[in-house]
Each structure stands twice: as C-alpha cells, then as structure tokens.
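Trainee: Got a structure for you, target_14.pdb, holding PDB, C-alpha atoms.
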ATOM      1  CA  MET A   1     -80.733  57.848-132.770  1.00  0.00           C
ATOM      2  CA  SER A   2     -81.680  61.060-131.116  1.00  0.00           C
ATOM      3  CA  ASP A   3     -82.069  63.511-133.973  1.00  0.00           C
ATOM      4  CA  ASN A   4     -81.238  64.630-137.481  1.00  0.00           C
ATOM      5  CA  THR A   5     -77.764  65.827-136.409  1.00  0.00           C
ATOM      6  CA  ASP A   6     -76.832  62.294-135.361  1.00  0.00           C
ATOM      7  CA  SER A   7     -78.138  61.055-138.697  1.00  0.00           C
ATOM      8  CA  LEU A   8     -75.937  63.598-140.509  1.00  0.00           C
ATOM      9  CA  ILE A   9     -72.915  62.495-138.483  1.00  0.00           C
ATOM     10  CA  LEU A  10     -73.518  58.875-139.416  1.00  0.00           C
ATOM     11  CA  GLN A  11     -74.027  59.715-143.093  1.00  0.00           C
ATOM     12  CA  ARG A  12     -70.739  61.607-143.252  1.00  0.00           C
ATOM     13  CA  LEU A  13     -68.783  58.936-141.374  1.00  0.00           C
ATOM     14  CA  GLN A  14     -70.216  56.171-143.590  1.00  0.00           C
ATOM     15  CA  ASN A  15     -68.790  57.957-146.601  1.00  0.00           C
ATOM     16  CA  ASP A  16     -65.454  58.825-144.981  1.00  0.00           C
ATOM     17  CA  GLY A  17     -64.533  57.098-141.725  1.00  0.00           C
ATOM     18  CA  ARG A  18     -61.236  59.005-141.629  1.00  0.00           C
ATOM     19  CA  LEU A  19     -62.949  62.390-141.515  1.00  0.00           C
ATOM     20  CA  SER A  20     -61.438  64.467-138.720  1.00  0.00           C
ATOM     21  CA  ASN A  21     -63.716  65.701-135.958  1.00  0.00           C
ATOM     22  CA  VAL A  22     -63.042  69.312-136.979  1.00  0.00           C
ATOM     23  CA  ASP A  23     -63.998  68.630-140.621  1.00  0.00           C
ATOM     24  CA  LEU A  24     -67.043  66.622-139.565  1.00  0.00           C
ATOM     25  CA  ALA A  25     -68.213  69.381-137.221  1.00  0.00           C
ATOM     26  CA  GLU A  26     -67.789  71.954-139.988  1.00  0.00           C
ATOM     27  CA  GLN A  27     -69.786  69.854-142.453  1.00  0.00           C
ATOM     28  CA  ILE A  28     -72.747  69.514-140.098  1.00  0.00           C
ATOM     29  CA  ASN A  29     -72.575  73.073-138.740  1.00  0.00           C
ATOM     30  CA  LEU A  30     -71.672  72.141-135.192  1.00  0.00           C
ATOM     31  CA  SER A  31     -68.722  73.135-133.035  1.00  0.00           C
ATOM     32  CA  ALA A  32     -66.010  70.514-132.498  1.00  0.00           C
ATOM     33  CA  SER A  33     -66.683  69.636-128.832  1.00  0.00           C
ATOM     34  CA  PRO A  34     -70.409  68.848-129.166  1.00  0.00           C
ATOM     35  CA  CYS A  35     -69.672  66.984-132.383  1.00  0.00           C
ATOM     36  CA  LEU A  36     -67.106  64.795-130.656  1.00  0.00           C
ATOM     37  CA  ARG A  37     -69.509  64.130-127.754  1.00  0.00           C
ATOM     38  CA  ARG A  38     -72.173  63.017-130.245  1.00  0.00           C
ATOM     39  CA  VAL A  39     -69.747  60.728-132.098  1.00  0.00           C
ATOM     40  CA  LYS A  40     -68.619  59.159-128.808  1.00  0.00           C
ATOM     41  CA  ALA A  41     -72.271  58.670-127.778  1.00  0.00           C
ATOM     42  CA  LEU A  42     -73.051  57.020-131.149  1.00  0.00           C
ATOM     43  CA  GLU A  43     -70.088  54.703-130.597  1.00  0.00           C
ATOM     44  CA  THR A  44     -71.175  53.884-127.031  1.00  0.00           C
ATOM     45  CA  GLU A  45     -74.778  53.239-128.111  1.00  0.00           C
ATOM     46  CA  GLY A  46     -73.569  50.855-130.815  1.00  0.00           C
ATOM     47  CA  TYR A  47     -74.617  52.846-133.887  1.00  0.00           C
ATOM     48  CA  ILE A  48     -70.961  53.007-134.897  1.00  0.00           C
ATOM     49  CA  LYS A  49     -69.474  49.516-134.644  1.00  0.00           C
ATOM     50  CA  GLY A  50     -65.947  50.476-135.680  1.00  0.00           C
ATOM     51  CA  TYR A  51     -63.823  52.016-138.405  1.00  0.00           C
ATOM     52  CA  SER A  52     -62.123  50.172-141.232  1.00  0.00           C
ATOM     53  CA  ALA A  53     -60.642  50.578-144.690  1.00  0.00           C
ATOM     54  CA  LYS A  54     -62.466  49.327-147.782  1.00  0.00           C
ATOM     55  CA  LEU A  55     -60.045  47.172-149.741  1.00  0.00           C
ATOM     56  CA  ASP A  56     -60.070  46.452-153.450  1.00  0.00           C
ATOM     57  CA  ARG A  57     -60.676  42.687-153.594  1.00  0.00           C
ATOM     58  CA  LYS A  58     -58.858  42.142-156.867  1.00  0.00           C
ATOM     59  CA  LYS A  59     -55.800  44.142-155.830  1.00  0.00           C
ATOM     60  CA  ALA A  60     -55.754  42.141-152.580  1.00  0.00           C
ATOM     61  CA  GLY A  61     -55.582  38.964-154.684  1.00  0.00           C
ATOM     62  CA  PHE A  62     -59.221  37.848-154.586  1.00  0.00           C
ATOM     63  CA  ALA A  63     -60.348  37.685-158.209  1.00  0.00           C
ATOM     64  CA  MET A  64     -63.587  35.822-157.479  1.00  0.00           C
ATOM     65  CA  THR A  65     -66.684  36.481-155.418  1.00  0.00           C
ATOM     66  CA  VAL A  66     -68.993  33.505-154.967  1.00  0.00           C
ATOM     67  CA  PHE A  67     -72.404  33.319-153.313  1.00  0.00           C
ATOM     68  CA  ILE A  68     -72.931  29.908-151.759  1.00  0.00           C
ATOM     69  CA  GLU A  69     -76.431  28.792-150.829  1.00  0.00           C
ATOM     70  CA  VAL A  70     -76.435  26.098-148.160  1.00  0.00           C
ATOM     71  CA  ARG A  71     -79.231  23.765-147.115  1.00  0.00           C
ATOM     72  CA  LEU A  72     -79.007  21.911-143.820  1.00  0.00           C
ATOM     73  CA  ASN A  73     -80.239  18.401-143.112  1.00  0.00           C
ATOM     74  CA  ASN A  74     -81.032  19.193-139.488  1.00  0.00           C
ATOM     75  CA  HIS A  75     -82.751  22.320-138.171  1.00  0.00           C
ATOM     76  CA  SER A  76     -82.451  21.731-134.456  1.00  0.00           C
ATOM     77  CA  THR A  77     -81.144  24.572-132.334  1.00  0.00           C
ATOM     78  CA  GLU A  78     -77.958  22.628-131.644  1.00  0.00           C
ATOM     79  CA  ALA A  79     -77.343  21.929-135.353  1.00  0.00           C
ATOM     80  CA  ILE A  80     -77.900  25.550-136.328  1.00  0.00           C
ATOM     81  CA  GLU A  81     -75.625  26.829-133.563  1.00  0.00           C
ATOM     82  CA  GLN A  82     -72.867  24.383-134.510  1.00  0.00           C
ATOM     83  CA  PHE A  83     -73.102  25.207-138.227  1.00  0.00           C
ATOM     84  CA  GLU A  84     -73.033  28.965-137.572  1.00  0.00           C
ATOM     85  CA  LYS A  85     -70.080  28.630-135.187  1.00  0.00           C
ATOM     86  CA  GLU A  86     -68.086  26.726-137.827  1.00  0.00           C
ATOM     87  CA  VAL A  87     -68.932  29.294-140.539  1.00  0.00           C
ATOM     88  CA  LEU A  88     -67.512  32.061-138.349  1.00  0.00           C
ATOM     89  CA  ASP A  89     -64.140  30.281-138.437  1.00  0.00           C
ATOM     90  CA  LEU A  90     -63.908  30.214-142.266  1.00  0.00           C
ATOM     91  CA  GLY A  91     -61.722  33.148-143.304  1.00  0.00           C
ATOM     92  CA  ASN A  92     -62.769  33.249-146.951  1.00  0.00           C
ATOM     93  CA  ILE A  93     -66.446  33.569-145.994  1.00  0.00           C
ATOM     94  CA  ILE A  94     -66.827  37.333-145.664  1.00  0.00           C
ATOM     95  CA  SER A  95     -70.574  37.449-144.987  1.00  0.00           C
ATOM     96  CA  ALA A  96     -73.190  34.914-143.970  1.00  0.00           C
ATOM     97  CA  TYR A  97     -76.962  35.224-143.704  1.00  0.00           C
ATOM     98  CA  LEU A  98     -79.766  33.020-142.473  1.00  0.00           C
ATOM     99  CA  VAL A  99     -82.313  33.340-145.297  1.00  0.00           C
ATOM    100  CA  SER A 100     -85.819  32.312-146.218  1.00  0.00           C
ATOM    101  CA  GLY A 101     -86.607  30.279-149.328  1.00  0.00           C
ATOM    102  CA  PHE A 102     -85.018  27.145-150.755  1.00  0.00           C
ATOM    103  CA  ALA A 103     -81.674  27.585-148.994  1.00  0.00           C
ATOM    104  CA  ASP A 104     -81.150  28.027-145.283  1.00  0.00           C
ATOM    105  CA  TYR A 105     -78.019  30.193-145.539  1.00  0.00           C
ATOM    106  CA  ARG A 106     -76.380  32.449-148.103  1.00  0.00           C
ATOM    107  CA  LEU A 107     -72.633  32.798-147.733  1.00  0.00           C
ATOM    108  CA  GLU A 108     -70.418  35.252-149.576  1.00  0.00           C
ATOM    109  CA  ALA A 109     -66.928  33.945-150.258  1.00  0.00           C
ATOM    110  CA  VAL A 110     -63.852  35.445-151.872  1.00  0.00           C
ATOM    111  CA  ALA A 111     -61.340  33.267-153.712  1.00  0.00           C
ATOM    112  CA  LYS A 112     -58.087  33.824-155.542  1.00  0.00           C
ATOM    113  CA  ASP A 113     -59.018  31.464-158.389  1.00  0.00           C
ATOM    114  CA  LEU A 114     -60.989  28.279-159.137  1.00  0.00           C
ATOM    115  CA  THR A 115     -58.518  26.101-157.266  1.00  0.00           C
ATOM    116  CA  ASP A 116     -58.933  28.292-154.191  1.00  0.00           C
ATOM    117  CA  TYR A 117     -62.713  28.189-154.601  1.00  0.00           C
ATOM    118  CA  GLU A 118     -62.612  24.380-154.772  1.00  0.00           C
ATOM    119  CA  ARG A 119     -60.787  24.380-151.416  1.00  0.00           C
ATOM    120  CA  ILE A 120     -63.426  26.705-149.930  1.00  0.00           C
ATOM    121  CA  LEU A 121     -66.237  24.575-151.373  1.00  0.00           C
ATOM    122  CA  LYS A 122     -64.798  21.462-149.725  1.00  0.00           C
ATOM    123  CA  GLU A 123     -64.577  23.308-146.409  1.00  0.00           C
ATOM    124  CA  VAL A 124     -68.247  24.315-146.664  1.00  0.00           C
ATOM    125  CA  GLN A 125     -69.302  20.809-147.764  1.00  0.00           C
ATOM    126  CA  ASN A 126     -67.560  19.356-144.713  1.00  0.00           C
ATOM    127  CA  LEU A 127     -69.354  21.629-142.261  1.00  0.00           C
ATOM    128  CA  PRO A 128     -71.736  19.808-139.921  1.00  0.00           C
ATOM    129  CA  PHE A 129     -75.306  19.208-141.102  1.00  0.00           C
ATOM    130  CA  VAL A 130     -74.786  20.402-144.696  1.00  0.00           C
ATOM    131  CA  LYS A 131     -77.307  18.712-146.992  1.00  0.00           C
ATOM    132  CA  GLY A 132     -76.696  20.611-150.206  1.00  0.00           C
ATOM    133  CA  ILE A 133     -74.867  23.531-151.775  1.00  0.00           C
ATOM    134  CA  GLN A 134     -75.481  25.719-154.792  1.00  0.00           C
ATOM    135  CA  SER A 135     -72.926  28.319-155.883  1.00  0.00           C
ATOM    136  CA  ASN A 136     -73.362  31.461-157.953  1.00  0.00           C
ATOM    137  CA  PHE A 137     -70.300  33.269-159.272  1.00  0.00           C
ATOM    138  CA  ALA A 138     -70.386  37.059-159.401  1.00  0.00           C
ATOM    139  CA  ILE A 139     -69.505  38.312-162.867  1.00  0.00           C
ATOM    140  CA  ARG A 140     -69.019  41.875-161.635  1.00  0.00           C
ATOM    141  CA  ALA A 141     -70.253  44.037-158.782  1.00  0.00           C
ATOM    142  CA  ILE A 142     -72.926  46.552-159.725  1.00  0.00           C
ATOM    143  CA  LYS A 143     -73.412  47.921-156.206  1.00  0.00           C
ATOM    144  CA  ALA A 144     -71.437  46.802-153.175  1.00  0.00           C
ATOM    145  CA  ASP A 145     -70.549  48.341-149.826  1.00  0.00           C
ATOM    146  CA  ALA A 146     -73.157  51.076-150.222  1.00  0.00           C
ATOM    147  CA  PRO A 147     -73.833  53.244-147.176  1.00  0.00           C
ATOM    148  CA  LEU A 148     -77.118  52.837-145.319  1.00  0.00           C
ATOM    149  CA  PRO A 149     -79.824  55.230-146.602  1.00  0.00           C
ATOM    150  CA  LEU A 150     -80.042  57.397-143.482  1.00  0.00           C
ATOM    151  CA  ALA A 151     -81.211  60.677-145.013  1.00  0.00           C
ATOM    152  CA  ASN A 152     -84.581  61.723-143.570  1.00  0.00           C
ATOM    153  CA  THR A 153     -85.217  58.288-142.060  1.00  0.00           C
ATOM    154  CA  PHE A 154     -84.715  58.857-138.350  1.00  0.00           C
ATOM    155  CA  ASN A 155     -87.085  60.536-135.964  1.00  0.00           C
ATOM    156  CA  LYS A 156     -86.437  61.422-132.356  1.00  0.00           C
ATOM    157  CA  THR A 157     -86.531  58.132-130.414  1.00  0.00           C
ATOM    158  CA  LYS A 158     -85.309  59.147-126.972  1.00  0.00           C
TER     159      LYS A 158
END
Kindly return the structure encoded in the file as structure tokens.
Mentor:
Amino acid sequence: MSDNTDSLILQRLQNDGRLSNVDLAEQINLSASPCLRRVKALETEGYIKGYSAKLDRKKAGFAMTVFIEVRLNNHSTEAIEQFEKEVLDLGNIISAYLVSGFADYRLEAVAKDLTDYERILKEVQNLPFVKGIQSNFAIRAIKADAPLPLANTFNKTK
C-alpha cells in the first residue's frame, strides 16, 4: 500500500463495495480520475480481490453455522495437498484454515438443518486422511464479516 489515501480507499470500499467512483473520490477528498487510477492500481496489485454482496445466511436458507475441527492421520505433503484439494470442492464449507493446536484444520460450514449437517459431516468424514472430527455449533454470530482494521496501520512501503 503506498499511502494513507490508498488505506482510506480500501476502508470505504470494505464498507460499501458498490460505492461509485465519484462518491468515493468525494469522501476521500480526491478528484475522480486519480481516485479511479488508485482503485485500479489496488486491484492490479491484489489488495482488492473482487467485489461481492454479503448475503443473509438465514434468508438464503442456511439456518446453521458449524465449525468443524479436523485432525489428519497423515501429515505428509501429499496427504495435506489431497485433503485441501478435496475441501475446496465442498460447497457447504465456506472457509477453511490450517490451524495450530489439537486440530489440524478448522472448517466453517453452513447447513439448512441437522439433516443437511449430517450429510456435510459424512462428506468431511470421508475425506482422505481424516482421523477425527469435532464440531461446534454457532448459537449466534456476535461479530462476523467485519472489515479489516486499516485505519492508521499502513505506512509508505514503495
């Protein structure tokens, strides 16, 4: 990130990805053309990975969020690569992390109901090299999809 202006652009776009270039430029006290050049540069440099809508899980039919901790029985490079490749193909797994601690991976799944979760659980259990699984059901979200804390965190790096 080159400067505080880029940080401001990213903060605004995190909060409203549909913000027009004119409105964005006005909010950060920049004219439209330089603002657009900066946004395009942030996209090209990979700071902005894309734009999407945040959906309400329950209204979309997913009443349950489940965190699934997975332990593997084999930690070879080939086993890890195969497990991770298979996880990427599971549509109900919306995030997956390699973690430290008792489990090797923490998966976040969405399910319509317990029957749907049971189907997802069986899919995860049948993945290669799975030794054990522990699930935690979210009762309610306290904080989810929060923007990155960019304010006053970036210095000139170029």
Trainee: What are the closest atom pairs, with distances in Å to one decimal, for each residue of segment 81-129 of chain A lying within 6 Å of segment 44-64 of chain A, using all atoms listed in the file, rows by chain and rising residue number, as CSV?
Mentor:
residue,atom,partner,partner_atom,distance
A:Val110,CA,A:Met64,CA,5.6
A:Ala111,CA,A:Met64,CA,5.1
A:Lys112,CA,A:Phe62,CA,4.3
Trainee: On this structure, the PyMOL selection byres ((chain A and resi 105) around 7) would catch which residues? List them as a list in words, sorted by chain and number.
Mentor: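 This file gives the following for the PyMOL selection byres ((chain A and resi 105) around 7): Glu69, Val70, Arg71, Ala96, Tyr97, Leu98, Val99, Ala103, Asp104, Arg106 and Leu107 of chain A.
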Trainee: With C-alpha atoms retained, could you export that selection as a PDB file, in the frame of the given file?
Mentor:
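Written out: part.pdb:
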ATOM      1  CA  GLU A  69     -76.431  28.792-150.829  1.00  0.00           C
ATOM      2  CA  VAL A  70     -76.435  26.098-148.160  1.00  0.00           C
ATOM      3  CA  ARG A  71     -79.231  23.765-147.115  1.00  0.00           C
ATOM      4  CA  ALA A  96     -73.190  34.914-143.970  1.00  0.00           C
ATOM      5  CA  TYR A  97     -76.962  35.224-143.704  1.00  0.00           C
ATOM      6  CA  LEU A  98     -79.766  33.020-142.473  1.00  0.00           C
ATOM      7  CA  VAL A  99     -82.313  33.340-145.297  1.00  0.00           C
ATOM      8  CA  ALA A 103     -81.674  27.585-148.994  1.00  0.00           C
ATOM      9  CA  ASP A 104     -81.150  28.027-145.283  1.00  0.00           C
ATOM     10  CA  ARG A 106     -76.380  32.449-148.103  1.00  0.00           C
ATOM     11  CA  LEU A 107     -72.633  32.798-147.733  1.00  0.00           C
TER      12      LEU A 107
END
Trainee: Can you work out the spacing between atom CA of Leu8 of chain A and atom CA of Ala144 of chain A in Å, to one decimal?
Mentor: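 Here the two named atoms are 21.5 Å from each other.
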Trainee: Could you tell me how far atom CA of Asp89 of chain A lies from atom CA of Phe102 of chain A, in Å and to one decimal?
Mentor: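 Taking atom CA of Asp89 of chain A as the start and atom CA of Phe102 of chain A as the end point, the length is 24.4 Å.
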Trainee: Mind telling me what the PyMOL selection byres ((chain A and resi 109) around 7) catches here, as a list in words?
Mentor: Thr65, Val66, Phe67, Asn92, Ile93, Ile94, Leu107, Glu108, Val110 and Ala111 of chain A
Trainee: Between A:Ala25, A:Lys85, A:Ile142, A:Lys122, which is the closest to Ile68 of chain A once you count all atoms listed in the file?
Mentor: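 When distances to Ile68 of chain A are compared using all atoms listed in the file, the smallest one comes from A:Lys122.
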Trainee: Between atom CA of Ser33 of chain A and atom CA of Thr5 of chain A, what is the distance, to one decimal in Å?
Mentor: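 These two atoms are separated by 14.0 Å.
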Trainee: What's around Leu24 of chain A at 12 Å? Count only C-alpha atoms, leave out sequence neighbours fewer than 5 positions away in its own chain, and write the answer as a ChimeraX atom specification.
Mentor: /A:5-6,8-19,29-36,38-39
Trainee: Please dump the current selection as a CSV table (one decimal), in the coordinates of the input; keep C-alpha atoms.
Mentor:
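The resulting out.csv:
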chain,number,residue,atom,x,y,z
A,5,THR,CA,-77.8,65.8,-136.4
A,6,ASP,CA,-76.8,62.3,-135.4
A,8,LEU,CA,-75.9,63.6,-140.5
A,9,ILE,CA,-72.9,62.5,-138.5
A,10,LEU,CA,-73.5,58.9,-139.4
A,11,GLN,CA,-74.0,59.7,-143.1
A,12,ARG,CA,-70.7,61.6,-143.3
A,13,LEU,CA,-68.8,58.9,-141.4
A,14,GLN,CA,-70.2,56.2,-143.6
A,15,ASN,CA,-68.8,58.0,-146.6
A,16,ASP,CA,-65.5,58.8,-145.0
A,17,GLY,CA,-64.5,57.1,-141.7
A,18,ARG,CA,-61.2,59.0,-141.6
A,19,LEU,CA,-62.9,62.4,-141.5
A,29,ASN,CA,-72.6,73.1,-138.7
A,30,LEU,CA,-71.7,72.1,-135.2
A,31,SER,CA,-68.7,73.1,-133.0
A,32,ALA,CA,-66.0,70.5,-132.5
A,33,SER,CA,-66.7,69.6,-128.8
A,34,PRO,CA,-70.4,68.8,-129.2
A,35,CYS,CA,-69.7,67.0,-132.4
A,36,LEU,CA,-67.1,64.8,-130.7
A,38,ARG,CA,-72.2,63.0,-130.2
A,39,VAL,CA,-69.7,60.7,-132.1
Trainee: Quick one: everything within 12 Å of His75 of chain A, counting all atoms listed in the file, minus sequence neighbours fewer than 6 positions away in the same chain. Send it as a JSON list (two decimals) with C-alpha atoms, in the frame of the given file.
Mentor:
[["chain", "number", "residue", "atom", "x", "y", "z"],
["A", 81, "GLU", "CA", -75.62, 26.83, -133.56],
["A", 82, "GLN", "CA", -72.87, 24.38, -134.51],
["A", 83, "PHE", "CA", -73.10, 25.21, -138.23],
["A", 84, "GLU", "CA", -73.03, 28.96, -137.57],
["A", 98, "LEU", "CA", -79.77, 33.02, -142.47],
["A", 104, "ASP", "CA", -81.15, 28.03, -145.28],
["A", 105, "TYR", "CA", -78.02, 30.19, -145.54],
["A", 128, "PRO", "CA", -71.74, 19.81, -139.92],
["A", 129, "PHE", "CA", -75.31, 19.21, -141.10],
["A", 130, "VAL", "CA", -74.79, 20.40, -144.70],
["A", 131, "LYS", "CA", -77.31, 18.71, -146.99]]
Trainee: Would you compute the box with edges along x, y and z of the file around segment 54-70 of chain A, including every atom the file lists for it and 8 Å extra on each side, and give its centre and edge lengths in Å to one decimal, as JSON?
Mentor:
{"center_x": -66.0, "center_y": 37.7, "center_z": -153.0, "size_x": 36.9, "size_y": 39.2, "size_z": 26.4}
Trainee: What lies within 10 Å of Glu123 of chain A using only C-alpha atoms, ignoring chain neighbours under 3 positions off, as a PDB file with C-alpha atoms, in the frame of the given file?
Mentor:
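Just written: result_1.pdb:
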ATOM      1  CA  GLU A  86     -68.086  26.726-137.827  1.00  0.00           C
ATOM      2  CA  VAL A  87     -68.932  29.294-140.539  1.00  0.00           C
ATOM      3  CA  LEU A  90     -63.908  30.214-142.266  1.00  0.00           C
ATOM      4  CA  TYR A 117     -62.713  28.189-154.601  1.00  0.00           C
ATOM      5  CA  GLU A 118     -62.612  24.380-154.772  1.00  0.00           C
ATOM      6  CA  ARG A 119     -60.787  24.380-151.416  1.00  0.00           C
ATOM      7  CA  ILE A 120     -63.426  26.705-149.930  1.00  0.00           C
ATOM      8  CA  ASN A 126     -67.560  19.356-144.713  1.00  0.00           C
ATOM      9  CA  LEU A 127     -69.354  21.629-142.261  1.00  0.00           C
TER      10      LEU A 127
END
Trainee: Generate all heavy atoms for segment 131-141 of chain A and emit them as an mmCIF file, in the coordinates of the input.
Mentor:
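Produced file rebuild36.cif, reproduced below:
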data_model
loop_
_atom_site.group_PDB
_atom_site.id
_atom_site.type_symbol
_atom_site.label_atom_id
_atom_site.label_comp_id
_atom_site.auth_asym_id
_atom_site.auth_seq_id
_atom_site.Cartn_x
_atom_site.Cartn_y
_atom_site.Cartn_z
ATOM 1 N N LYS A 131 -76.575 19.642 -146.127
ATOM 2 C CA LYS A 131 -77.307 18.712 -146.992
ATOM 3 C C LYS A 131 -77.005 18.976 -148.465
ATOM 4 O O LYS A 131 -76.864 18.061 -149.262
ATOM 5 C CB LYS A 131 -78.805 18.856 -146.744
ATOM 6 C CG LYS A 131 -79.688 18.008 -147.627
ATOM 7 C CD LYS A 131 -81.142 18.240 -147.298
ATOM 8 C CE LYS A 131 -82.041 17.408 -148.180
ATOM 9 N NZ LYS A 131 -83.452 17.641 -147.844
ATOM 10 N N GLY A 132 -76.928 20.273 -148.812
ATOM 11 C CA GLY A 132 -76.696 20.611 -150.206
ATOM 12 C C GLY A 132 -76.158 22.014 -150.351
ATOM 13 O O GLY A 132 -76.336 22.861 -149.479
ATOM 14 N N ILE A 133 -75.486 22.238 -151.490
ATOM 15 C CA ILE A 133 -74.867 23.531 -151.775
ATOM 16 C C ILE A 133 -75.137 23.903 -153.217
ATOM 17 O O ILE A 133 -75.111 23.045 -154.101
ATOM 18 C CB ILE A 133 -73.341 23.467 -151.549
ATOM 19 C CG1 ILE A 133 -73.021 23.272 -150.075
ATOM 20 C CG2 ILE A 133 -72.653 24.710 -152.075
ATOM 21 C CD1 ILE A 133 -71.550 23.065 -149.792
ATOM 22 N N GLN A 134 -75.401 25.174 -153.438
ATOM 23 C CA GLN A 134 -75.481 25.719 -154.792
ATOM 24 C C GLN A 134 -74.676 27.006 -154.810
ATOM 25 O O GLN A 134 -74.833 27.854 -153.946
ATOM 26 C CB GLN A 134 -76.926 26.003 -155.201
ATOM 27 C CG GLN A 134 -77.029 26.565 -156.603
ATOM 28 C CD GLN A 134 -78.464 26.717 -157.061
ATOM 29 O OE1 GLN A 134 -79.359 26.039 -156.594
ATOM 30 N NE2 GLN A 134 -78.678 27.618 -157.983
ATOM 31 N N SER A 135 -73.800 27.145 -155.802
ATOM 32 C CA SER A 135 -72.926 28.319 -155.883
ATOM 33 C C SER A 135 -73.301 29.180 -157.073
ATOM 34 O O SER A 135 -73.683 28.674 -158.129
ATOM 35 C CB SER A 135 -71.468 27.885 -156.027
ATOM 36 O OG SER A 135 -71.061 27.161 -154.894
ATOM 37 N N ASN A 136 -73.180 30.481 -156.885
ATOM 38 C CA ASN A 136 -73.362 31.461 -157.953
ATOM 39 C C ASN A 136 -72.134 32.360 -157.964
ATOM 40 O O ASN A 136 -71.772 32.943 -156.946
ATOM 41 C CB ASN A 136 -74.614 32.320 -157.708
ATOM 42 C CG ASN A 136 -75.876 31.496 -157.767
ATOM 43 O OD1 ASN A 136 -76.302 31.099 -158.829
ATOM 44 N ND2 ASN A 136 -76.464 31.228 -156.608
ATOM 45 N N PHE A 137 -71.502 32.458 -159.136
ATOM 46 C CA PHE A 137 -70.300 33.269 -159.272
ATOM 47 C C PHE A 137 -70.681 34.677 -159.708
ATOM 48 O O PHE A 137 -71.435 34.847 -160.668
ATOM 49 C CB PHE A 137 -69.351 32.654 -160.307
ATOM 50 C CG PHE A 137 -68.765 31.348 -159.848
ATOM 51 C CD1 PHE A 137 -69.481 30.170 -159.935
ATOM 52 C CD2 PHE A 137 -67.496 31.318 -159.293
ATOM 53 C CE1 PHE A 137 -68.951 28.977 -159.498
ATOM 54 C CE2 PHE A 137 -66.951 30.126 -158.853
ATOM 55 C CZ PHE A 137 -67.682 28.949 -158.951
ATOM 56 N N ALA A 138 -70.140 35.674 -159.009
ATOM 57 C CA ALA A 138 -70.386 37.059 -159.401
ATOM 58 C C ALA A 138 -69.560 37.361 -160.644
ATOM 59 O O ALA A 138 -68.361 37.094 -160.675
ATOM 60 C CB ALA A 138 -69.995 38.003 -158.265
ATOM 61 N N ILE A 139 -70.206 37.908 -161.658
ATOM 62 C CA ILE A 139 -69.505 38.312 -162.867
ATOM 63 C C ILE A 139 -68.823 39.659 -162.616
ATOM 64 O O ILE A 139 -67.656 39.842 -162.917
ATOM 65 C CB ILE A 139 -70.474 38.417 -164.069
ATOM 66 C CG1 ILE A 139 -71.243 37.089 -164.257
ATOM 67 C CG2 ILE A 139 -69.742 38.834 -165.328
ATOM 68 C CD1 ILE A 139 -70.388 35.887 -164.498
ATOM 69 N N ARG A 140 -69.572 40.592 -162.054
ATOM 70 C CA ARG A 140 -69.019 41.875 -161.635
ATOM 71 C C ARG A 140 -69.974 42.503 -160.634
ATOM 72 O O ARG A 140 -71.172 42.235 -160.640
ATOM 73 C CB ARG A 140 -68.768 42.821 -162.808
ATOM 74 C CG ARG A 140 -69.986 43.308 -163.527
ATOM 75 C CD ARG A 140 -69.592 44.200 -164.720
ATOM 76 N NE ARG A 140 -70.702 44.366 -165.619
ATOM 77 C CZ ARG A 140 -71.534 45.405 -165.593
ATOM 78 N NH1 ARG A 140 -71.362 46.367 -164.711
ATOM 79 N NH2 ARG A 140 -72.529 45.483 -166.442
ATOM 80 N N ALA A 141 -69.436 43.350 -159.785
ATOM 81 C CA ALA A 141 -70.253 44.037 -158.782
ATOM 82 C C ALA A 141 -70.900 45.254 -159.419
ATOM 83 O O ALA A 141 -70.232 46.055 -160.070
ATOM 84 C CB ALA A 141 -69.396 44.464 -157.597
#
